[in-house]
$ cat entry_18.cif   # mmCIF, C-alpha atoms and all ligand atoms
data_data
#
loop_
_atom_site.label_atom_id
_atom_site.label_comp_id
_atom_site.auth_asym_id
_atom_site.auth_seq_id
_atom_site.Cartn_x
_atom_site.Cartn_y
_atom_site.Cartn_z
CA MET A 1 -58.09 57.63 -23.86
CA THR A 2 -59.88 60.50 -22.19
CA ASN A 3 -59.60 63.90 -23.77
CA ASP A 4 -56.90 66.33 -22.68
CA ASN A 5 -57.23 68.89 -25.41
CA ALA A 6 -59.73 70.16 -27.89
CA PRO A 7 -59.73 67.84 -30.89
CA PRO A 8 -57.42 69.13 -33.62
CA ASP A 9 -58.73 69.95 -37.03
CA ILE A 10 -58.03 66.63 -38.71
CA ALA A 11 -59.63 67.62 -41.99
CA ASN A 12 -56.87 70.18 -42.54
CA LEU A 13 -54.05 67.73 -41.92
CA GLU A 14 -52.25 66.40 -44.93
CA THR A 15 -51.12 62.76 -44.78
CA LEU A 16 -47.62 61.58 -45.59
CA ARG A 17 -47.99 58.33 -47.49
CA ARG A 18 -44.69 57.78 -49.20
CA THR A 19 -41.48 59.54 -50.05
CA ASP A 20 -39.03 58.96 -52.87
CA PHE A 21 -35.95 61.15 -52.54
CA ARG A 22 -33.43 59.99 -55.11
CA THR A 23 -30.58 62.02 -53.64
CA LEU A 24 -30.57 60.34 -50.23
CA GLY A 25 -29.35 56.87 -51.24
CA GLU A 26 -30.96 53.49 -51.83
CA ARG A 27 -34.56 53.50 -50.66
CA ILE A 28 -35.98 50.60 -48.67
CA GLU A 29 -39.65 50.60 -47.81
CA GLY A 30 -40.50 49.33 -44.33
CA LYS A 31 -44.10 49.01 -43.26
CA VAL A 32 -44.06 52.42 -41.59
CA ARG A 33 -40.73 54.00 -42.49
CA ASP A 34 -38.99 54.88 -45.73
CA ILE A 35 -35.36 54.08 -45.12
CA TYR A 36 -32.55 55.65 -47.15
CA VAL A 37 -29.36 53.66 -46.79
CA GLN A 38 -26.01 55.42 -46.84
CA PRO A 39 -22.58 53.94 -46.04
CA GLU A 40 -22.61 55.02 -42.41
CA ARG A 41 -26.04 56.55 -41.91
CA LEU A 42 -29.70 55.84 -42.40
CA VAL A 43 -32.19 58.56 -43.16
CA LEU A 44 -35.40 57.29 -41.54
CA VAL A 45 -38.57 58.99 -42.71
CA THR A 46 -41.54 57.99 -40.57
CA THR A 47 -44.71 58.14 -42.68
CA ASP A 48 -48.38 58.11 -41.71
CA ARG A 49 -48.78 54.52 -42.90
CA HIS A 50 -50.66 52.41 -40.39
CA SER A 51 -50.10 48.67 -40.39
CA SER A 52 -52.27 45.89 -39.01
CA PHE A 53 -52.55 42.25 -40.06
CA ASP A 54 -49.07 42.68 -41.61
CA ARG A 55 -50.33 45.12 -44.24
CA ILE A 56 -51.02 48.82 -44.59
CA VAL A 57 -54.65 49.41 -43.66
CA ALA A 58 -54.88 53.20 -43.40
CA HIS A 59 -53.01 56.51 -43.30
CA ILE A 60 -53.34 58.39 -40.04
CA PRO A 61 -52.57 62.12 -40.42
CA GLY A 62 -49.84 63.27 -38.06
CA LYS A 63 -48.91 59.78 -36.89
CA GLY A 64 -45.50 59.74 -38.60
CA GLU A 65 -44.46 62.96 -36.89
CA ILE A 66 -45.79 61.69 -33.57
CA LEU A 67 -43.84 58.43 -33.74
CA ASN A 68 -40.65 60.19 -34.81
CA ARG A 69 -40.88 62.93 -32.18
CA THR A 70 -41.94 60.56 -29.41
CA SER A 71 -38.84 58.48 -30.06
CA ALA A 72 -36.72 61.64 -30.18
CA PHE A 73 -38.12 62.66 -26.79
CA TRP A 74 -37.20 59.30 -25.25
CA PHE A 75 -33.80 59.01 -26.92
CA ASP A 76 -32.98 62.32 -25.28
CA ALA A 77 -34.44 61.29 -21.92
CA THR A 78 -32.34 58.08 -21.85
CA ARG A 79 -29.04 59.22 -23.34
CA ASP A 80 -27.29 58.80 -19.97
CA ILE A 81 -28.28 55.09 -19.95
CA VAL A 82 -27.19 53.95 -23.39
CA ARG A 83 -25.82 55.35 -26.62
CA ASN A 84 -28.52 55.80 -29.27
CA HIS A 85 -28.53 56.06 -33.05
CA VAL A 86 -29.65 59.69 -33.40
CA ILE A 87 -27.35 61.97 -35.40
CA ALA A 88 -29.86 64.67 -36.28
CA LEU A 89 -33.57 65.49 -36.44
CA PRO A 90 -33.77 67.68 -39.53
CA ASP A 91 -37.57 67.47 -39.84
CA PRO A 92 -40.47 66.46 -37.56
CA ASN A 93 -40.81 63.23 -39.60
CA VAL A 94 -37.11 62.47 -40.04
CA THR A 95 -34.29 61.00 -38.01
CA VAL A 96 -30.79 60.75 -39.41
CA ALA A 97 -29.32 57.75 -37.63
CA ARG A 98 -26.04 55.96 -37.27
CA ARG A 99 -26.31 52.77 -39.26
CA CYS A 100 -25.88 49.82 -36.93
CA THR A 101 -25.90 46.05 -37.17
CA PRO A 102 -29.14 45.05 -35.42
CA LEU A 103 -28.90 42.34 -32.75
CA LYS A 104 -30.61 39.07 -33.63
CA ILE A 105 -33.22 39.36 -30.86
CA GLU A 106 -36.17 41.59 -30.06
CA ILE A 107 -35.85 43.01 -26.56
CA VAL A 108 -39.25 42.84 -24.89
CA MET A 109 -39.75 44.26 -21.39
CA ARG A 110 -42.93 43.49 -19.45
CA GLY A 111 -44.11 45.22 -16.31
CA TYR A 112 -47.53 43.63 -15.82
CA LEU A 113 -49.24 40.26 -15.99
CA THR A 114 -51.38 40.99 -19.01
CA GLY A 115 -52.10 40.40 -22.69
CA VAL A 116 -54.62 38.60 -24.84
CA THR A 117 -52.65 36.90 -27.61
CA SER A 118 -51.34 33.33 -27.55
CA THR A 119 -47.83 34.62 -26.80
CA SER A 120 -48.82 36.92 -23.93
CA ILE A 121 -47.50 36.34 -20.44
CA TRP A 122 -51.06 36.25 -18.99
CA THR A 123 -52.13 33.54 -21.46
CA HIS A 124 -49.15 31.40 -20.42
CA TYR A 125 -49.70 32.11 -16.72
CA GLN A 126 -53.35 31.09 -16.96
CA ALA A 127 -52.27 27.87 -18.66
CA GLY A 128 -50.11 27.08 -15.61
CA ARG A 129 -46.68 28.37 -16.54
CA ARG A 130 -44.73 30.03 -13.72
CA ASP A 131 -41.13 29.97 -14.92
CA PHE A 132 -40.53 32.64 -17.56
CA GLY A 133 -36.78 32.20 -17.73
CA SER A 134 -35.79 35.56 -16.34
CA ILE A 135 -38.59 35.59 -13.76
CA VAL A 136 -40.52 32.97 -11.76
CA LEU A 137 -44.01 34.09 -10.74
CA PRO A 138 -45.91 33.04 -7.61
CA ASP A 139 -49.32 31.32 -7.74
CA GLY A 140 -52.46 33.36 -7.22
CA MET A 141 -51.61 36.39 -9.31
CA ARG A 142 -54.46 38.18 -11.01
CA LYS A 143 -54.70 39.63 -14.48
CA ASN A 144 -53.18 43.12 -14.93
CA GLN A 145 -51.22 43.05 -11.64
CA PRO A 146 -47.66 44.35 -11.74
CA LEU A 147 -44.97 41.68 -11.97
CA PRO A 148 -42.74 41.44 -8.85
CA ALA A 149 -40.08 43.11 -11.04
CA PRO A 150 -40.08 44.06 -14.73
CA ALA A 151 -39.12 41.06 -16.85
CA PHE A 152 -36.78 40.92 -19.81
CA THR A 153 -38.33 38.40 -22.21
CA PRO A 154 -36.37 38.25 -25.46
CA SER A 155 -37.89 36.96 -28.66
CA THR A 156 -36.55 35.77 -31.96
CA LYS A 157 -36.94 37.84 -35.12
CA GLU A 158 -38.96 35.69 -37.48
CA ALA A 159 -40.48 36.70 -40.79
CA THR A 160 -43.81 35.18 -39.75
CA HIS A 161 -44.20 35.44 -35.99
CA ASP A 162 -41.70 36.14 -33.23
CA GLU A 163 -41.08 33.40 -30.67
CA THR A 164 -40.54 34.24 -27.00
CA ILE A 165 -37.42 32.53 -25.70
CA THR A 166 -35.55 32.55 -22.39
CA PRO A 167 -32.20 34.28 -21.92
CA ALA A 168 -30.69 30.77 -21.62
CA GLN A 169 -32.05 29.91 -25.08
CA VAL A 170 -30.52 33.09 -26.50
CA LEU A 171 -27.14 31.70 -25.44
CA GLU A 172 -27.87 28.09 -26.51
CA ARG A 173 -28.88 29.25 -29.97
CA GLY A 174 -25.79 31.42 -30.27
CA LEU A 175 -27.85 34.57 -30.88
CA LEU A 176 -25.70 36.71 -28.55
CA PRO A 177 -22.53 36.16 -26.51
CA ALA A 178 -23.07 36.02 -22.72
CA ASP A 179 -21.43 39.35 -21.88
CA LEU A 180 -23.47 41.21 -24.49
CA LEU A 181 -26.68 39.52 -23.34
CA GLU A 182 -25.99 40.68 -19.80
CA GLN A 183 -25.39 44.21 -21.02
CA VAL A 184 -28.60 44.15 -23.08
CA ASP A 185 -30.63 42.88 -20.10
CA ASP A 186 -29.18 45.51 -17.75
CA THR A 187 -29.72 48.31 -20.29
CA ALA A 188 -33.30 47.25 -21.06
CA GLN A 189 -34.11 47.18 -17.32
CA LYS A 190 -32.79 50.72 -16.88
CA LEU A 191 -34.58 52.03 -19.96
CA PHE A 192 -37.84 50.49 -18.85
CA ARG A 193 -37.62 51.91 -15.32
CA ARG A 194 -36.87 55.36 -16.72
CA GLY A 195 -39.79 54.99 -19.10
CA GLN A 196 -42.15 53.97 -16.32
CA GLU A 197 -41.04 56.85 -14.06
CA ILE A 198 -41.48 59.53 -16.69
CA ALA A 199 -44.74 58.06 -17.98
CA LEU A 200 -46.16 57.94 -14.46
CA SER A 201 -45.31 61.59 -13.90
CA ARG A 202 -47.58 62.26 -16.92
CA GLY A 203 -50.39 60.02 -15.68
CA LEU A 204 -49.58 56.99 -17.84
CA ILE A 205 -48.43 53.47 -17.05
CA LEU A 206 -45.85 51.99 -19.41
CA VAL A 207 -47.10 48.39 -19.38
CA ASP A 208 -44.69 46.72 -21.76
CA THR A 209 -42.47 47.64 -24.67
CA LYS A 210 -40.10 46.39 -27.32
CA TYR A 211 -36.60 47.74 -27.92
CA GLU A 212 -34.23 47.20 -30.78
CA MET A 213 -30.50 47.44 -30.20
CA GLY A 214 -27.55 47.11 -32.50
CA LEU A 215 -23.79 47.47 -32.61
CA ASP A 216 -22.40 50.64 -34.14
CA ALA A 217 -19.24 50.89 -36.26
CA ASP A 218 -17.13 50.84 -33.06
CA GLY A 219 -18.91 47.71 -31.79
CA GLU A 220 -20.73 49.69 -29.08
CA LEU A 221 -24.18 48.72 -27.94
CA THR A 222 -26.62 51.26 -29.41
CA LEU A 223 -30.36 51.78 -29.06
CA ILE A 224 -31.92 51.98 -32.56
CA ASP A 225 -35.28 52.14 -34.34
CA GLU A 226 -37.98 53.57 -32.03
CA ILE A 227 -38.44 53.82 -28.26
CA HIS A 228 -41.54 54.03 -26.03
CA THR A 229 -43.85 55.04 -28.86
CA PRO A 230 -47.59 54.32 -28.94
CA ASP A 231 -46.78 51.59 -31.50
CA SER A 232 -43.93 49.83 -29.70
CA SER A 233 -45.49 49.97 -26.23
CA ARG A 234 -48.70 49.35 -24.34
CA TRP A 235 -50.08 52.21 -22.20
CA TRP A 236 -52.67 52.39 -19.43
CA MET A 237 -54.15 55.40 -17.67
CA ALA A 238 -52.69 55.64 -14.17
CA ASP A 239 -55.53 57.48 -12.39
CA THR A 240 -58.16 54.80 -12.96
CA TYR A 241 -55.89 51.76 -12.85
CA GLU A 242 -56.28 50.71 -9.18
CA ALA A 243 -60.04 51.08 -9.03
CA ARG A 244 -60.70 49.33 -12.32
CA VAL A 245 -58.46 46.35 -11.61
CA ALA A 246 -59.88 46.02 -8.08
CA ALA A 247 -63.36 45.92 -9.63
CA GLY A 248 -62.27 43.20 -12.06
CA GLN A 249 -62.34 45.57 -15.06
CA GLU A 250 -59.71 46.07 -17.70
CA PRO A 251 -57.57 49.20 -17.22
CA ASP A 252 -58.32 52.24 -19.41
CA TYR A 253 -55.85 51.93 -22.23
CA PHE A 254 -54.57 53.69 -25.33
CA ASP A 255 -56.90 52.00 -27.76
CA LYS A 256 -56.37 51.55 -31.46
CA GLU A 257 -58.14 48.20 -31.63
CA PHE A 258 -61.38 49.76 -32.87
CA LEU A 259 -59.86 50.19 -36.35
CA ARG A 260 -58.81 46.52 -36.42
CA HIS A 261 -62.31 45.50 -35.38
CA TRP A 262 -63.82 47.50 -38.23
CA PHE A 263 -61.68 45.64 -40.78
CA VAL A 264 -62.42 42.24 -39.27
CA GLU A 265 -66.14 43.03 -39.54
CA HIS A 266 -65.96 44.32 -43.12
CA CYS A 267 -63.49 42.01 -44.87
CA ASP A 268 -60.95 39.26 -44.33
CA PRO A 269 -57.85 41.40 -43.77
CA TYR A 270 -55.60 38.32 -43.72
CA LYS A 271 -56.76 36.98 -47.10
CA ASP A 272 -58.45 39.62 -49.29
CA ALA A 273 -56.16 41.13 -51.94
CA VAL A 274 -57.99 44.45 -51.72
CA ILE A 275 -59.59 45.73 -48.54
CA PRO A 276 -62.11 48.57 -48.19
CA GLU A 277 -61.09 52.04 -47.12
CA ALA A 278 -61.66 52.76 -43.44
CA PRO A 279 -64.36 55.37 -42.68
CA GLN A 280 -62.96 58.88 -42.35
CA ALA A 281 -64.46 59.26 -38.88
CA LEU A 282 -62.49 56.29 -37.56
CA VAL A 283 -59.27 57.55 -39.13
CA ALA A 284 -59.88 60.97 -37.55
CA GLU A 285 -60.60 59.38 -34.18
CA LEU A 286 -57.36 57.44 -34.27
CA ALA A 287 -55.43 60.57 -35.27
CA VAL A 288 -56.89 62.37 -32.25
CA ARG A 289 -55.90 59.55 -29.92
CA TYR A 290 -52.32 59.56 -31.21
CA GLN A 291 -52.15 63.32 -30.66
CA GLN A 292 -53.53 63.03 -27.14
CA ILE A 293 -51.05 60.42 -26.00
CA PHE A 294 -48.21 62.35 -27.67
CA SER A 295 -49.02 65.62 -25.94
CA ARG A 296 -49.64 63.88 -22.64
CA LEU A 297 -46.26 62.13 -22.72
CA THR A 298 -44.08 64.83 -24.17
CA GLY A 299 -46.03 68.02 -23.44
CA ARG A 300 -45.71 68.87 -27.12
CA SER A 301 -48.13 69.20 -30.01
CA LEU A 302 -47.94 68.71 -33.75
CA THR A 303 -45.77 71.11 -35.72
CA PRO A 304 -47.96 73.79 -37.28
CA ARG A 305 -47.89 73.68 -41.05
CA GLU A 306 -46.45 76.58 -42.98
CA LYS A 307 -49.29 77.96 -45.02
CA GLY A 308 -49.66 76.12 -48.29
CA GLN A 309 -46.37 74.21 -48.16
CA PRO A 310 -46.93 70.52 -48.94
CA ILE A 311 -45.35 68.22 -46.36
CA LEU A 312 -43.23 66.46 -49.01
CA GLU A 313 -41.67 69.79 -49.96
CA ARG A 314 -40.92 70.63 -46.37
CA ILE A 315 -39.20 67.28 -45.83
CA ARG A 316 -37.29 67.52 -49.10
CA ASP A 317 -35.94 70.95 -48.08
CA ASN A 318 -35.07 69.79 -44.59
CA VAL A 319 -33.15 66.70 -45.67
CA ALA A 320 -31.28 68.36 -48.54
CA ALA A 321 -28.12 68.64 -46.45
CA TYR A 322 -28.01 64.82 -46.09
CA ALA A 323 -27.79 64.01 -49.81
CA ILE A 324 -24.96 61.74 -50.89
N1 LIG A 401 -29.89 52.67 -36.57
C1 LIG A 401 -30.34 51.61 -37.27
N2 LIG A 401 -29.47 50.76 -37.88
C2 LIG A 401 -29.91 49.71 -38.61
N3 LIG A 401 -31.22 49.41 -38.79
C3 LIG A 401 -32.14 50.22 -38.20
C4 LIG A 401 -31.75 51.35 -37.41
N4 LIG A 401 -32.87 51.96 -36.96
C5 LIG A 401 -33.92 51.25 -37.44
N5 LIG A 401 -33.50 50.20 -38.19
C6 LIG A 401 -34.34 49.25 -38.93
O1 LIG A 401 -35.13 50.01 -39.86
C7 LIG A 401 -36.44 49.45 -39.99
C8 LIG A 401 -37.49 50.52 -39.69
O2 LIG A 401 -38.54 50.48 -40.61
P1 LIG A 401 -40.03 50.06 -40.23
O3 LIG A 401 -40.31 50.37 -38.80
O4 LIG A 401 -40.94 50.60 -41.28
O5 LIG A 401 -39.85 48.51 -40.41
P2 LIG A 401 -41.00 47.45 -40.28
O6 LIG A 401 -41.50 47.15 -41.65
O7 LIG A 401 -41.93 47.88 -39.19
O8 LIG A 401 -40.18 46.24 -39.83
P3 LIG A 401 -40.11 45.73 -38.37
O9 LIG A 401 -41.34 44.89 -38.26
O10 LIG A 401 -38.80 44.98 -38.36
O11 LIG A 401 -40.12 46.94 -37.46
C9 LIG A 401 -36.51 48.28 -39.04
O12 LIG A 401 -36.26 47.08 -39.76
C10 LIG A 401 -35.34 48.53 -38.07
O13 LIG A 401 -34.79 47.33 -37.59
MG MG A 402 -40.82 48.88 -37.10
#
$ encode --input "entry_18.cif" --output "structure tokens" --more "lines below"
Ligand SMILES: Nc1ncnc2c1ncn2[C@@H]1O[C@H](COP(=O)(O)OP(=O)(O)OP(=O)(O)O)[C@@H](O)[C@H]1O
Ligand SMILES: [Mg+2]
Amino acid sequence: MTNDNAPPDIANLETLRRTDFRTLGERIEGKVRDIYVQPERLVLVTTDRHSSFDRIVAHIPGKGEILNRTSAFWFDATRDIVRNHVIALPDPNVTVARRCTPLKIEIVMRGYLTGVTSTSIWTHYQAGRRDFGSIVLPDGMRKNQPLPAPAFTPSTKEATHDETITPAQVLERGLLPADLLEQVDDTAQKLFRRGQEIALSRGLILVDTKYEMGLDADGELTLIDEIHTPDSSRWWMADTYEARVAAGQEPDYFDKEFLRHWFVEHCDPYKDAVIPEAPQALVAELAVRYQQIFSRLTGRSLTPREKGQPILERIRDNVAAYAI
């Protein structure tokens, strides 16, 4: 990503690796979030843990706050479309959420014919597939072109790898009833269009994204987890998109692959029990990129730290009112 701001002083940023607040309820450790489970609420603390290859590979200072506040920005910007789980934002790293029953599907929305992995829509298109269940594509499309309309492509939630299925398969497998599936599809379409509009006004293209929805205590469809973050979405730069694609180049994109590449070159991140520590310069570079996309999207910057107060203390003070 090109630079918008002067690089922040990464060396002075403390990282948030882990929390353990006994007063908040049972603690569950997700890859990125520490989740405190209460009867009707979850206290979600987004840490600076960075996962790749299904493991934690680094800690990126400021990333937890950025993910949490980016979601908060989008929950607010989409509240007229669908109910969301936010009860309160007591700290830059914390969301107090209504505890919901997550739906059994991942809700993936795709705006462009792109991707590199075996499950990507471009890989399937190149192999000859045209019918994607919710959308049928014409012949002759080129990589990175917009789809005729954004496509809702649900996938299963598997422990190992998610499988893309068609809306018809969602019904056949009994994952959702038909009326709820229709509501999910309609809601995801509206969220994605809103996301694309706002992103474009900030010079970014929202390429594709993944939503999680659940049912709240009243059985109402509710948007949960995170929305339109750098981790749940793919982003391209709008100003160079046309020219680069016309010239057969890849769009400029929000790039965190360089850290993955470093690990692949220096160890076997899928097999080795212990992996080396990433160079500080790469960690700092990734932190800068997260901050740039955050300020570009939301117009905000990281919360300044109160002199000398450790981040864990700040969070502990801010969540005290949510003890059970
Ligand atoms: N309001 C909510 N109600 C119930 N569950 C929620 C809610 N919001 C988020 N979650 C769940 O909390 C977890 C968030 O933690 P984290 O993002 O660290 O998980 P993860 O290890 O990345 O797992 P996943 O790969 O499923 O995202 C997710 O499993 C998500 O489904
Ligand atoms: Mg997650």
$ closest_atom_pairs --input "entry_18.cif" --of "chain A" --to "ligand MG 402 (chain A)" --cutoff "8 Å" --atoms "only C-alpha atoms and all ligand atoms" --output "Markdown table"
| residue | atom | partner | partner_atom | distance |
| --- | --- | --- | --- | --- |
| A:Gly30 | CA | A:MG402 | MG | 7.3 |
| A:Lys31 | CA | A:MG402 | MG | 7.0 |
| A:Val32 | CA | A:MG402 | MG | 6.6 |
| A:Arg33 | CA | A:MG402 | MG | 7.4 |
| A:Asp225 | CA | A:MG402 | MG | 7.0 |
| A:Glu226 | CA | A:MG402 | MG | 7.5 |
$ write_last_selection --input "entry_18.cif" --atoms "C-alpha atoms" --output "PDB file, in the coordinates of the input"
ATOM      1  CA  GLY A  30     -40.500  49.330 -44.330  1.00  0.00           C
ATOM      2  CA  LYS A  31     -44.100  49.010 -43.260  1.00  0.00           C
ATOM      3  CA  VAL A  32     -44.060  52.420 -41.590  1.00  0.00           C
ATOM      4  CA  ARG A  33     -40.730  54.000 -42.490  1.00  0.00           C
ATOM      5  CA  ASP A 225     -35.280  52.140 -34.340  1.00  0.00           C
ATOM      6  CA  GLU A 226     -37.980  53.570 -32.030  1.00  0.00           C
TER       7      GLU A 226
END
$ closest_residue --input "entry_18.cif" --among "A:Asn93, A:Thr101, A:Thr23, A:Thr70" --to "Ser232 of chain A" --atoms "all atoms listed in the file"
A:Thr70
$ residues_near_ligand --input "entry_18.cif" --ligand "ligand LIG 401 (chain A)" --cutoff "10 Å" --atoms "all atoms listed in the file" --output "ChimeraX atom specification"
/A:28-37,40-47,49-51,54-55,84-87,95-103,106,157-159,211-216,222-226,231-232
$ write_last_selection --input "entry_18.cif" --atoms "C-alpha atoms" --output "short mmCIF file (atom, residue, chain, number, x, y, z; two decimals), in the coordinates of the input"
data_model
loop_
_atom_site.label_atom_id
_atom_site.label_comp_id
_atom_site.auth_asym_id
_atom_site.auth_seq_id
_atom_site.Cartn_x
_atom_site.Cartn_y
_atom_site.Cartn_z
CA ILE A 28 -35.98 50.60 -48.67
CA GLU A 29 -39.65 50.60 -47.81
CA GLY A 30 -40.50 49.33 -44.33
CA LYS A 31 -44.10 49.01 -43.26
CA VAL A 32 -44.06 52.42 -41.59
CA ARG A 33 -40.73 54.00 -42.49
CA ASP A 34 -38.99 54.88 -45.73
CA ILE A 35 -35.36 54.08 -45.12
CA TYR A 36 -32.55 55.65 -47.15
CA VAL A 37 -29.36 53.66 -46.79
CA GLU A 40 -22.61 55.02 -42.41
CA ARG A 41 -26.04 56.55 -41.91
CA LEU A 42 -29.70 55.84 -42.40
CA VAL A 43 -32.19 58.56 -43.16
CA LEU A 44 -35.40 57.29 -41.54
CA VAL A 45 -38.57 58.99 -42.71
CA THR A 46 -41.54 57.99 -40.57
CA THR A 47 -44.71 58.14 -42.68
CA ARG A 49 -48.78 54.52 -42.90
CA HIS A 50 -50.66 52.41 -40.39
CA SER A 51 -50.10 48.67 -40.39
CA ASP A 54 -49.07 42.68 -41.61
CA ARG A 55 -50.33 45.12 -44.24
CA ASN A 84 -28.52 55.80 -29.27
CA HIS A 85 -28.53 56.06 -33.05
CA VAL A 86 -29.65 59.69 -33.40
CA ILE A 87 -27.35 61.97 -35.40
CA THR A 95 -34.29 61.00 -38.01
CA VAL A 96 -30.79 60.75 -39.41
CA ALA A 97 -29.32 57.75 -37.63
CA ARG A 98 -26.04 55.96 -37.27
CA ARG A 99 -26.31 52.77 -39.26
CA CYS A 100 -25.88 49.82 -36.93
CA THR A 101 -25.90 46.05 -37.17
CA PRO A 102 -29.14 45.05 -35.42
CA LEU A 103 -28.90 42.34 -32.75
CA GLU A 106 -36.17 41.59 -30.06
CA LYS A 157 -36.94 37.84 -35.12
CA GLU A 158 -38.96 35.69 -37.48
CA ALA A 159 -40.48 36.70 -40.79
CA TYR A 211 -36.60 47.74 -27.92
CA GLU A 212 -34.23 47.20 -30.78
CA MET A 213 -30.50 47.44 -30.20
CA GLY A 214 -27.55 47.11 -32.50
CA LEU A 215 -23.79 47.47 -32.61
CA ASP A 216 -22.40 50.64 -34.14
CA THR A 222 -26.62 51.26 -29.41
CA LEU A 223 -30.36 51.78 -29.06
CA ILE A 224 -31.92 51.98 -32.56
CA ASP A 225 -35.28 52.14 -34.34
CA GLU A 226 -37.98 53.57 -32.03
CA ASP A 231 -46.78 51.59 -31.50
CA SER A 232 -43.93 49.83 -29.70
#
$ residues_around --input "entry_18.cif" --residues "Met141 of chain A" --least-positions-apart "3" --cutoff "10 Å" --atoms "only C-alpha atoms" --output "ChimeraX atom specification"
/A:113,122,125-126,137-138,144-147
$ atom_distance --input "entry_18.cif" --atom1 "atom CA of Glu285 of chain A" --atom2 "atom CA of Glu265 of chain A"
18.1 Å
$ closest_residue --input "entry_18.cif" --among "A:Ile311, A:Ala278, A:Leu16, A:Ala238" --to "Arg260 of chain A" --atoms "only C-alpha atoms"
A:Ala278
$ residues_around --input "entry_18.cif" --residues "Lys143 of chain A" --least-positions-apart "3" --cutoff "12 Å" --atoms "only C-alpha atoms" --output "VMD selection string"
chain A and resid 112 to 116 120 to 126 139 to 140 146 to 147 244 to 251
$ write_last_selection --input "entry_18.cif" --atoms "C-alpha atoms" --output "compact mmCIF listing (two decimals), in the frame of the given file"
# COMPACT_ATOMS: atom_id res chain seq x y z
CA TYR A 112 -47.53 43.63 -15.82
CA LEU A 113 -49.24 40.26 -15.99
CA THR A 114 -51.38 40.99 -19.01
CA GLY A 115 -52.10 40.40 -22.69
CA VAL A 116 -54.62 38.60 -24.84
CA SER A 120 -48.82 36.92 -23.93
CA ILE A 121 -47.50 36.34 -20.44
CA TRP A 122 -51.06 36.25 -18.99
CA THR A 123 -52.13 33.54 -21.46
CA HIS A 124 -49.15 31.40 -20.42
CA TYR A 125 -49.70 32.11 -16.72
CA GLN A 126 -53.35 31.09 -16.96
CA ASP A 139 -49.32 31.32 -7.74
CA GLY A 140 -52.46 33.36 -7.22
CA PRO A 146 -47.66 44.35 -11.74
CA LEU A 147 -44.97 41.68 -11.97
CA ARG A 244 -60.70 49.33 -12.32
CA VAL A 245 -58.46 46.35 -11.61
CA ALA A 246 -59.88 46.02 -8.08
CA ALA A 247 -63.36 45.92 -9.63
CA GLY A 248 -62.27 43.20 -12.06
CA GLN A 249 -62.34 45.57 -15.06
CA GLU A 250 -59.71 46.07 -17.70
CA PRO A 251 -57.57 49.20 -17.22
$ closest_residue --input "entry_18.cif" --among "A:Pro304, A:Gly111, A:Gly195, A:Pro39" --to "Trp74 of chain A" --atoms "all atoms listed in the file"
A:Gly195
$ atom_distance --input "entry_18.cif" --atom1 "atom CA of Leu67 of chain A" --atom2 "atom CA of Ala284 of chain A"
16.7 Å
$ residues_around --input "entry_18.cif" --residues "Ile324 of chain A" --least-positions-apart "6" --cutoff "8 Å" --atoms "only C-alpha atoms" --output "compact mmCIF listing (two decimals) with C-alpha atoms, in the frame of the given file"
# COMPACT_ATOMS: atom_id res chain seq x y z
CA THR A 23 -30.58 62.02 -53.64
CA LEU A 24 -30.57 60.34 -50.23
CA GLY A 25 -29.35 56.87 -51.24
CA GLN A 38 -26.01 55.42 -46.84
$ closest_residue --input "entry_18.cif" --among "A:Glu182, A:Lys104, A:Ala188, A:Val264" --to "Thr156 of chain A" --atoms "all atoms listed in the file"
A:Lys104
$ decode --input "entry_18.cif" --residues "segment 169-188 of chain A" --atoms "C-alpha atoms" --output "tab-separated table (two decimals), in the first residue's frame"
chain	number	residue	atom	x	y	z
A	169	GLN	CA	-26.56	-27.22	-1.17
A	170	VAL	CA	-27.07	-25.14	1.99
A	171	LEU	CA	-30.73	-26.17	1.82
A	172	GLU	CA	-30.06	-29.80	0.81
A	173	ARG	CA	-27.69	-30.25	3.73
A	174	GLY	CA	-30.18	-28.69	6.13
A	175	LEU	CA	-27.70	-26.00	7.22
A	176	LEU	CA	-30.32	-23.21	7.11
A	177	PRO	CA	-34.06	-23.03	6.45
A	178	ALA	CA	-35.02	-21.41	3.12
A	179	ASP	CA	-36.47	-18.20	4.53
A	180	LEU	CA	-33.40	-17.56	6.68
A	181	LEU	CA	-31.07	-18.30	3.76
A	182	GLU	CA	-32.92	-15.72	1.67
A	183	GLN	CA	-32.61	-13.17	4.45
A	184	VAL	CA	-28.89	-13.90	4.85
A	185	ASP	CA	-28.30	-13.54	1.09
A	186	ASP	CA	-30.22	-10.26	0.91
A	187	THR	CA	-28.46	-8.87	4.00
A	188	ALA	CA	-24.99	-9.88	2.76
